[in-house]
>>> print(open('input-v9.cif').read())   # mmCIF, C-alpha atoms and all ligand atoms
data_protein
loop_
_atom_site.label_atom_id
_atom_site.label_comp_id
_atom_site.auth_asym_id
_atom_site.auth_seq_id
_atom_site.Cartn_x
_atom_site.Cartn_y
_atom_site.Cartn_z
CA MET A 15 6.66 5.08 -25.06
CA LYS A 16 4.22 3.87 -27.69
CA VAL A 17 0.69 4.99 -26.88
CA PRO A 18 -1.46 2.06 -25.67
CA LYS A 19 -4.68 1.72 -27.66
CA ARG A 20 -6.92 2.44 -24.68
CA LEU A 21 -5.18 5.78 -24.05
CA GLN A 22 -5.43 7.03 -27.62
CA PRO A 23 -8.88 8.69 -27.14
CA LEU A 24 -7.51 10.77 -24.25
CA LEU A 25 -4.61 11.86 -26.40
CA ASP A 26 -6.97 12.71 -29.27
CA ASP A 27 -9.13 14.76 -26.89
CA GLY A 28 -6.09 16.63 -25.60
CA LEU A 29 -6.61 15.38 -22.03
CA ILE A 30 -3.09 14.00 -22.03
CA ASP A 31 -0.08 15.05 -24.07
CA GLN A 32 2.21 12.08 -23.67
CA VAL A 33 2.44 8.62 -22.14
CA GLU A 34 5.62 8.44 -20.07
CA ALA A 35 5.71 4.98 -18.53
CA GLN A 36 3.74 1.96 -17.44
CA LEU A 37 3.67 1.07 -13.75
CA MET A 38 3.67 -2.45 -12.42
CA SER A 39 0.41 -4.14 -13.38
CA GLY A 40 -2.01 -4.82 -10.53
CA LYS A 41 -4.82 -7.33 -10.39
CA GLU A 42 -7.59 -5.24 -11.91
CA ALA A 43 -5.89 -2.52 -13.85
CA GLN A 44 -2.95 -1.17 -15.82
CA VAL A 45 -1.62 2.14 -14.54
CA TYR A 46 0.36 4.56 -16.73
CA VAL A 47 2.23 7.75 -15.91
CA VAL A 48 1.08 10.39 -18.37
CA ARG A 49 1.85 14.04 -18.90
CA SER A 50 -0.92 16.63 -19.09
CA GLY A 51 0.65 20.00 -19.82
CA ASP A 52 3.53 20.20 -17.39
CA GLU A 53 1.92 17.91 -14.81
CA LEU A 54 2.45 14.19 -14.38
CA ARG A 55 -0.72 12.21 -13.79
CA CYS A 56 -1.75 8.59 -13.57
CA ALA A 57 -4.10 6.94 -16.04
CA LYS A 58 -5.70 3.76 -14.74
CA VAL A 59 -7.02 1.49 -17.43
CA PHE A 60 -9.41 -1.14 -16.20
CA LYS A 61 -8.97 -4.58 -17.64
CA GLU A 62 -11.77 -5.92 -19.79
CA ALA A 63 -14.82 -7.33 -18.09
CA LYS A 64 -14.05 -10.88 -19.15
CA GLN A 65 -10.73 -10.85 -17.37
CA ARG A 66 -12.17 -9.75 -14.08
CA SER A 67 -13.94 -11.57 -11.32
CA PHE A 68 -17.65 -10.90 -11.13
CA LYS A 69 -18.55 -13.35 -8.39
CA GLN A 70 -16.72 -11.19 -5.91
CA ALA A 71 -18.28 -8.04 -7.31
CA VAL A 72 -21.73 -9.12 -6.21
CA GLN A 73 -20.94 -8.86 -2.51
CA TYR A 74 -19.43 -5.42 -2.88
CA GLN A 75 -22.17 -3.97 -5.06
CA GLU A 76 -24.99 -4.83 -2.72
CA GLY A 77 -26.61 -1.64 -1.51
CA ARG A 78 -25.17 0.57 -4.17
CA ARG A 79 -27.91 2.94 -5.11
CA GLU A 80 -29.05 2.55 -8.66
CA ARG A 81 -30.86 5.70 -9.70
CA ASN A 82 -32.19 4.27 -12.91
CA SER A 83 -34.55 1.40 -12.25
CA ARG A 84 -34.47 0.02 -15.79
CA ARG A 85 -30.76 -0.29 -15.20
CA SER A 86 -31.13 -2.01 -11.86
CA ARG A 87 -33.64 -4.45 -13.31
CA ALA A 88 -31.26 -5.22 -16.14
CA MET A 89 -28.43 -5.66 -13.67
CA ALA A 90 -30.50 -8.02 -11.58
CA LYS A 91 -31.26 -10.13 -14.64
CA LYS A 92 -28.21 -11.78 -16.01
CA THR A 93 -28.74 -10.36 -19.49
CA ARG A 94 -25.86 -9.25 -21.69
CA TYR A 95 -27.15 -5.72 -21.26
CA GLY A 96 -27.21 -6.34 -17.51
CA GLN A 97 -23.61 -7.53 -17.52
CA LYS A 98 -22.49 -4.49 -19.43
CA GLU A 99 -24.37 -2.17 -17.09
CA GLN A 100 -22.87 -3.93 -14.10
CA GLU A 101 -19.37 -3.46 -15.47
CA GLN A 102 -20.07 0.22 -16.02
CA ALA A 103 -21.39 0.60 -12.47
CA TRP A 104 -18.25 -1.03 -11.11
CA LEU A 105 -15.97 1.25 -13.11
CA ASN A 106 -17.91 4.35 -12.12
CA ALA A 107 -17.71 3.40 -8.48
CA GLU A 108 -14.02 4.25 -8.19
CA VAL A 109 -14.46 7.67 -9.76
CA ASP A 110 -17.53 8.37 -7.59
CA ALA A 111 -15.64 7.28 -4.50
CA LEU A 112 -12.61 9.45 -5.34
CA TYR A 113 -14.75 12.57 -5.78
CA ARG A 114 -16.70 11.89 -2.61
CA LEU A 115 -13.59 11.19 -0.56
CA ALA A 116 -11.62 14.13 -1.87
CA ALA A 117 -14.60 16.30 -0.84
CA ALA A 118 -14.61 14.65 2.60
CA ASP A 119 -10.95 15.60 3.09
CA VAL A 120 -9.66 12.03 2.84
CA ARG A 121 -6.18 11.89 1.32
CA VAL A 122 -6.81 10.15 -2.01
CA PRO A 123 -5.53 10.99 -5.52
CA GLN A 124 -7.39 13.97 -6.96
CA PRO A 125 -9.52 12.64 -9.84
CA TYR A 126 -9.47 14.46 -13.19
CA GLY A 127 -12.19 12.50 -14.92
CA PHE A 128 -13.21 9.15 -16.29
CA ILE A 129 -13.08 8.78 -20.07
CA ASP A 130 -13.74 5.60 -22.09
CA GLY A 131 -12.99 3.34 -19.14
CA VAL A 132 -9.84 5.24 -18.17
CA LEU A 133 -9.50 7.00 -14.83
CA LEU A 134 -7.27 10.06 -14.94
CA MET A 135 -5.94 11.16 -11.54
CA GLU A 136 -3.19 12.91 -9.64
CA MET A 137 0.09 11.02 -9.62
CA ILE A 138 1.09 10.38 -6.01
CA SER A 139 4.80 11.04 -5.71
CA ASP A 140 7.54 10.72 -3.13
CA ALA A 141 9.97 13.42 -2.00
CA GLU A 142 11.99 13.02 -5.22
CA GLY A 143 8.96 13.42 -7.46
CA LEU A 144 8.96 9.76 -8.45
CA THR A 145 5.85 7.59 -8.14
CA ALA A 146 5.32 6.88 -4.47
CA PRO A 147 6.05 3.39 -3.10
CA ARG A 148 3.31 1.21 -1.63
CA LEU A 149 3.42 0.62 2.13
CA ASP A 150 4.40 -2.93 1.30
CA ASP A 151 7.62 -1.64 -0.31
CA VAL A 152 8.92 0.35 2.66
CA THR A 153 10.39 -0.16 6.12
CA LEU A 154 9.14 2.23 8.79
CA SER A 155 10.57 3.50 12.04
CA VAL A 156 8.47 3.02 15.18
CA GLU A 157 7.55 6.72 15.11
CA GLU A 158 6.57 6.66 11.44
CA ALA A 159 4.43 3.56 11.99
CA ARG A 160 2.56 5.26 14.85
CA GLU A 161 2.08 8.49 12.94
CA TYR A 162 0.89 6.87 9.70
CA TYR A 163 -1.40 4.46 11.51
CA GLU A 164 -3.08 7.35 13.28
CA LYS A 165 -3.41 9.16 9.97
CA ILE A 166 -4.96 6.14 8.23
CA VAL A 167 -7.38 5.51 11.11
CA ARG A 168 -8.45 9.15 10.85
CA ASP A 169 -8.95 8.83 7.08
CA VAL A 170 -10.96 5.66 7.54
CA VAL A 171 -13.19 7.52 10.03
CA LYS A 172 -13.73 10.38 7.57
CA MET A 173 -14.49 7.84 4.89
CA LEU A 174 -17.11 6.14 7.02
CA CYS A 175 -18.60 9.52 7.88
CA ALA A 176 -18.92 10.00 4.10
CA GLY A 177 -20.77 6.66 3.94
CA LEU A 178 -18.00 4.60 2.36
CA ILE A 179 -15.83 1.64 3.25
CA HIS A 180 -12.76 0.85 1.17
CA GLY A 181 -13.33 -2.89 1.13
CA ASP A 182 -9.80 -3.85 0.06
CA LEU A 183 -7.59 -1.73 2.28
CA SER A 184 -4.12 -3.20 2.71
CA GLU A 185 -0.43 -2.32 2.46
CA PHE A 186 -0.80 -2.81 -1.31
CA ASN A 187 -3.43 -0.11 -1.66
CA VAL A 188 -1.83 2.65 0.38
CA LEU A 189 0.97 4.72 -1.16
CA LEU A 190 3.52 6.58 0.89
CA ALA A 191 3.73 10.10 -0.49
CA ALA A 192 6.08 12.84 0.65
CA ASP A 193 3.26 14.11 2.91
CA GLY A 194 2.19 10.76 4.33
CA PRO A 195 -0.03 7.82 3.41
CA VAL A 196 -2.50 8.05 0.52
CA ILE A 197 -5.31 5.56 0.04
CA ILE A 198 -5.80 4.29 -3.53
CA ASP A 199 -7.66 1.60 -5.52
CA LEU A 200 -11.34 2.07 -4.75
CA PRO A 201 -13.47 0.37 -7.44
CA GLN A 202 -14.90 -1.95 -4.79
CA ALA A 203 -15.74 0.80 -2.28
CA VAL A 204 -18.74 -0.32 -0.25
CA ASP A 205 -21.86 1.60 0.71
CA ALA A 206 -21.65 1.55 4.52
CA ALA A 207 -25.37 1.83 5.17
CA GLY A 208 -26.79 -0.54 2.61
CA ASN A 209 -24.50 -3.54 2.68
CA ASN A 210 -24.94 -6.49 5.03
CA SER A 211 -21.22 -7.23 4.99
CA ALA A 212 -20.29 -3.62 5.75
CA GLU A 213 -19.22 -4.18 9.35
CA MET A 214 -17.17 -7.22 8.47
CA MET A 215 -15.43 -5.41 5.61
CA PHE A 216 -14.82 -2.32 7.71
CA GLU A 217 -13.26 -4.28 10.53
CA ARG A 218 -11.17 -6.29 8.10
CA ASP A 219 -9.84 -3.08 6.50
CA VAL A 220 -8.86 -1.60 9.86
CA ASP A 221 -7.41 -4.89 11.00
CA ASN A 222 -5.17 -5.11 7.93
CA MET A 223 -3.75 -1.71 8.87
CA ARG A 224 -3.33 -2.73 12.52
CA ARG A 225 -1.33 -5.78 11.54
CA TYR A 226 0.77 -3.93 8.97
CA PHE A 227 1.79 -1.05 11.25
CA GLY A 228 2.09 -3.48 14.17
CA ARG A 229 5.05 -5.06 12.36
CA PHE A 230 7.04 -1.89 13.06
CA ALA A 231 5.45 -0.79 16.34
CA PRO A 232 4.24 -3.95 18.09
CA GLU A 233 2.23 -2.06 20.72
CA LEU A 234 -0.20 -1.14 17.92
CA LEU A 235 -1.21 -4.79 17.69
CA ALA A 236 -3.12 -4.31 20.94
CA THR A 237 -5.38 -1.60 19.47
CA ASP A 238 -8.95 -2.25 18.43
CA TYR A 239 -10.11 0.76 16.43
CA GLY A 240 -12.36 -1.17 14.05
CA LYS A 241 -14.99 -2.18 16.60
CA GLU A 242 -14.76 1.12 18.45
CA ILE A 243 -15.35 3.16 15.28
CA TRP A 244 -18.13 0.88 14.08
CA ALA A 245 -19.94 1.11 17.44
CA LEU A 246 -19.85 4.93 17.23
CA TYR A 247 -21.03 4.81 13.62
CA GLU A 248 -23.96 2.55 14.44
CA ALA A 249 -24.94 4.75 17.37
CA GLY A 250 -24.96 7.75 15.00
CA GLU A 251 -22.18 9.34 17.04
CA LEU A 252 -19.27 9.17 14.62
CA HIS A 253 -17.77 12.46 13.47
CA PRO A 254 -14.60 13.16 11.51
CA GLU A 255 -13.06 14.44 14.75
CA SER A 256 -14.44 11.78 17.12
CA GLN A 257 -12.11 11.03 20.02
CA LEU A 258 -10.88 7.45 19.84
CA THR A 259 -9.13 5.34 22.43
CA GLY A 260 -8.04 2.36 20.36
CA CYS A 261 -9.67 0.18 22.99
CA PHE A 262 -13.01 -1.50 22.73
CA GLU A 263 -14.96 -2.62 25.77
CA HIS A 264 -16.22 -6.03 24.80
CA ASP A 265 -19.44 -5.91 26.73
CA THR A 266 -19.76 -9.10 28.71
CA SER A 267 -21.59 -7.71 31.73
CA THR A 268 -25.09 -7.28 30.38
CA VAL A 269 -26.78 -9.79 28.17
CA ASP A 270 -29.13 -8.63 25.46
CA VAL A 271 -30.59 -12.04 24.87
CA ASP A 272 -32.26 -11.23 21.55
CA GLU A 273 -29.13 -9.79 20.05
CA LEU A 274 -26.97 -12.51 21.45
CA MET A 275 -29.21 -15.20 20.03
CA THR A 276 -28.96 -13.59 16.62
CA VAL A 277 -25.23 -13.74 16.82
CA ILE A 278 -25.35 -17.34 17.92
CA ASP A 279 -27.64 -18.10 15.01
CA ASP A 280 -25.35 -16.40 12.59
CA VAL A 281 -22.35 -18.45 13.50
CA ARG A 282 -24.40 -21.59 13.89
CA GLU A 283 -23.09 -22.15 17.35
CA GLU A 284 -26.46 -22.31 18.99
CA GLU A 285 -27.14 -25.75 17.71
CA ALA A 286 -23.78 -27.03 18.88
CA TYR A 287 -24.39 -25.82 22.43
CA ARG A 288 -27.90 -27.18 22.53
CA GLN A 289 -26.68 -30.47 21.24
CA GLY A 290 -23.95 -30.55 23.87
CA ALA A 291 -26.52 -29.88 26.57
CA ARG A 292 -28.90 -32.48 25.20
CA ASP A 293 -26.10 -35.01 25.35
CA ARG A 294 -25.75 -34.20 29.03
CA GLY A 295 -29.51 -34.64 29.38
CA ASP A 296 -30.51 -31.07 30.23
CA GLU A 297 -32.27 -29.00 27.60
CA PRO A 298 -31.08 -25.46 28.33
CA GLY A 299 -33.22 -22.37 28.02
CA VAL A 300 -32.19 -19.31 26.12
CA GLU A 301 -30.56 -17.79 29.20
CA GLU A 302 -28.22 -20.72 29.79
CA ALA A 303 -27.26 -21.04 26.15
CA ALA A 304 -26.38 -17.36 26.14
CA GLU A 305 -24.28 -17.64 29.28
CA GLU A 306 -22.47 -20.64 27.97
CA TRP A 307 -21.76 -18.88 24.68
CA GLN A 308 -20.40 -15.86 26.54
CA GLU A 309 -18.18 -18.05 28.62
CA SER A 310 -16.72 -19.56 25.47
CA GLN A 311 -16.12 -16.06 24.05
CA ARG A 312 -14.20 -15.07 27.18
CA GLU A 313 -12.01 -18.12 26.87
CA ARG A 314 -11.07 -17.27 23.27
N1 LIG A 401 -2.46 7.85 -8.33
C1 LIG A 401 -1.38 7.04 -8.35
N2 LIG A 401 -0.14 7.56 -8.17
C2 LIG A 401 0.94 6.76 -8.19
N3 LIG A 401 0.90 5.42 -8.37
C3 LIG A 401 -0.31 4.84 -8.55
C4 LIG A 401 -1.51 5.62 -8.53
N4 LIG A 401 -2.56 4.78 -8.72
C5 LIG A 401 -2.03 3.56 -8.84
N5 LIG A 401 -0.69 3.56 -8.73
C6 LIG A 401 0.21 2.38 -8.84
O1 LIG A 401 -0.41 1.39 -9.63
C7 LIG A 401 -0.62 0.18 -8.89
C8 LIG A 401 -1.97 -0.44 -9.26
O2 LIG A 401 -3.03 0.45 -8.98
P1 LIG A 401 -4.33 0.05 -8.18
O3 LIG A 401 -5.24 1.23 -8.18
O4 LIG A 401 -3.95 -0.50 -6.85
O5 LIG A 401 -4.99 -1.07 -9.11
P2 LIG A 401 -5.11 -2.66 -9.00
O6 LIG A 401 -6.57 -2.92 -8.93
O7 LIG A 401 -4.51 -3.13 -10.25
O8 LIG A 401 -4.39 -3.11 -7.74
C9 LIG A 401 -0.53 0.61 -7.43
O9 LIG A 401 -0.05 -0.43 -6.61
C10 LIG A 401 0.43 1.76 -7.47
O10 LIG A 401 1.77 1.31 -7.38
MG MG A 402 -4.31 -2.33 -5.87
#
>>> encode(input="input-v9.cif", output="structure tokens")
Amino acid sequence: MKVPKRLQPLLDDGLIDQVEAQLMSGKEAQVYVVRSGDELRCAKVFKEAKQRSFKQAVQYQEGRRERNSRRSRAMAKKTRYGQKEQEQAWLNAEVDALYRLAAADVRVPQPYGFIDGVLLMEMISDAEGLTAPRLDDVTLSVEEAREYYEKIVRDVVKMLCAGLIHGDLSEFNVLLAADGPVIIDLPQAVDAAGNNSAEMMFERDVDNMRRYFGRFAPELLATDYGKEIWALYEAGELHPESQLTGCFEHDTSTVDVDELMTVIDDVREEEAYRQGARDRGDEPGVEEAAEEWQESQRER
């Protein structure tokens, strides 16, 4: 096919020899199959900054370490320079994540570099050597669903051990290669330690996988790996090989009033309960509010 403008520099540099085909366009990027020597690879071209959503980027980028403080100051200010730097940071994040995850033994495409806004990586292929389908494109047997779910949960654990959360994990961002599922599409990967939304994003990622694989093996719908893994991570006890049960003991027996009140605050339920109690004429103390909140959680 005709060489797209953005790929020309890679061709000029001899990093790729030919552009074979264009894959279906996703939301953030254009992906091409290219040939480097006798190997097929994928070249992911990120769409221009203007075409992409930056509001969303803010939540994901929180906590990303910026080594260069002039850069972080520029990024914080909404200067043109800042915008450009922010775009660059976003683009670099996927390459960074791929190198870190490959090193942590997570099954992701092997990266081969990032040149002029183009990510060059291993092409994930199926048993016939064609580009692998996304999970969303396939129908699984009960056994396959169980096996792949276990594999993905294990990869997600390794990822968290490496300090990263995917942030957009779904059946659209997992390919089914000849050797099992492969996680892709990581420009929004989240720093697990430095981001206030980390737990929420982690649990959402795992939950997307639970619901997807649960379509083929309904017993998987009853699992709760997200909370279990996060609890181990927070306790500093998560290891790549950590034993998992898939169950999470929602602790309702002991009440840590401080923590509970924080939660209540967060979801703005405290006020509702207090108001309800006031209407009945009895101003409850912290203890009662907590008990009442717990009761409502049990009923959910
Ligand atoms: N390494 C790869 N090997 C094979 N196919 C890929 C690879 N990377 C991306 N693709 C294909 O390109 C599509 C878009 O890539 P993705 O990284 O998910 O970007 P987007 O942000 O556009 O969703 C994927 O759904 C997948 O079908
Ligand atoms: Mg995608």
>>> atom_distance(input="input-v9.cif", atom1="atom CA of Val17 of chain A", atom2="atom N2 of ligand LIG 401 (chain A)")
18.9 Å
>>> residues_near_ligand(input="input-v9.cif", ligand="ligand LIG 401 (chain A)", cutoff="10 Å", atoms="all atoms listed in the file", output="tab-separated table (two decimals) with C-alpha atoms, keeping the file's coordinate frame")
chain	number	residue	atom	x	y	z
A	36	GLN	CA	3.74	1.96	-17.44
A	37	LEU	CA	3.67	1.07	-13.75
A	38	MET	CA	3.67	-2.45	-12.42
A	39	SER	CA	0.41	-4.14	-13.38
A	40	GLY	CA	-2.01	-4.82	-10.53
A	41	LYS	CA	-4.82	-7.33	-10.39
A	42	GLU	CA	-7.59	-5.24	-11.91
A	43	ALA	CA	-5.89	-2.52	-13.85
A	44	GLN	CA	-2.95	-1.17	-15.82
A	45	VAL	CA	-1.62	2.14	-14.54
A	46	TYR	CA	0.36	4.56	-16.73
A	47	VAL	CA	2.23	7.75	-15.91
A	54	LEU	CA	2.45	14.19	-14.38
A	55	ARG	CA	-0.72	12.21	-13.79
A	56	CYS	CA	-1.75	8.59	-13.57
A	57	ALA	CA	-4.10	6.94	-16.04
A	58	LYS	CA	-5.70	3.76	-14.74
A	59	VAL	CA	-7.02	1.49	-17.43
A	60	PHE	CA	-9.41	-1.14	-16.20
A	61	LYS	CA	-8.97	-4.58	-17.64
A	108	GLU	CA	-14.02	4.25	-8.19
A	122	VAL	CA	-6.81	10.15	-2.01
A	123	PRO	CA	-5.53	10.99	-5.52
A	124	GLN	CA	-7.39	13.97	-6.96
A	125	PRO	CA	-9.52	12.64	-9.84
A	133	LEU	CA	-9.50	7.00	-14.83
A	134	LEU	CA	-7.27	10.06	-14.94
A	135	MET	CA	-5.94	11.16	-11.54
A	136	GLU	CA	-3.19	12.91	-9.64
A	137	MET	CA	0.09	11.02	-9.62
A	138	ILE	CA	1.09	10.38	-6.01
A	139	SER	CA	4.80	11.04	-5.71
A	140	ASP	CA	7.54	10.72	-3.13
A	144	LEU	CA	8.96	9.76	-8.45
A	145	THR	CA	5.85	7.59	-8.14
A	146	ALA	CA	5.32	6.88	-4.47
A	147	PRO	CA	6.05	3.39	-3.10
A	148	ARG	CA	3.31	1.21	-1.63
A	149	LEU	CA	3.42	0.62	2.13
A	150	ASP	CA	4.40	-2.93	1.30
A	151	ASP	CA	7.62	-1.64	-0.31
A	182	ASP	CA	-9.80	-3.85	0.06
A	183	LEU	CA	-7.59	-1.73	2.28
A	184	SER	CA	-4.12	-3.20	2.71
A	185	GLU	CA	-0.43	-2.32	2.46
A	186	PHE	CA	-0.80	-2.81	-1.31
A	187	ASN	CA	-3.43	-0.11	-1.66
A	188	VAL	CA	-1.83	2.65	0.38
A	189	LEU	CA	0.97	4.72	-1.16
A	190	LEU	CA	3.52	6.58	0.89
A	191	ALA	CA	3.73	10.10	-0.49
A	196	VAL	CA	-2.50	8.05	0.52
A	197	ILE	CA	-5.31	5.56	0.04
A	198	ILE	CA	-5.80	4.29	-3.53
A	199	ASP	CA	-7.66	1.60	-5.52
A	200	LEU	CA	-11.34	2.07	-4.75
A	201	PRO	CA	-13.47	0.37	-7.44
A	202	GLN	CA	-14.90	-1.95	-4.79
>>> residues_around(input="input-v9.cif", residues="Glu233 of chain A", least_positions_apart="4", cutoff="10 Å", atoms="only C-alpha atoms", output="PyMOL selection string")
chain A and resi 156+160+224+227-229+237
>>> closest_residue(input="input-v9.cif", among="A:Gly181, A:Gly143, A:Gly240, A:Pro232", to="Glu157 of chain A", atoms="all atoms listed in the file")
A:Pro232
>>> closest_residue(input="input-v9.cif", among="A:Tyr163, A:Tyr126, A:Tyr247, A:Phe216", to="Cys175 of chain A", atoms="all atoms listed in the file")
A:Tyr247
>>> atom_distance(input="input-v9.cif", atom1="atom CA of Ile166 of chain A", atom2="atom CA of Gly208 of chain A")
23.5 Å
>>> closest_residue(input="input-v9.cif", among="A:Asp205, A:Glu309, A:His180, A:Tyr113", to="ligand MG 402 (chain A)", atoms="all atoms listed in the file")
A:His180
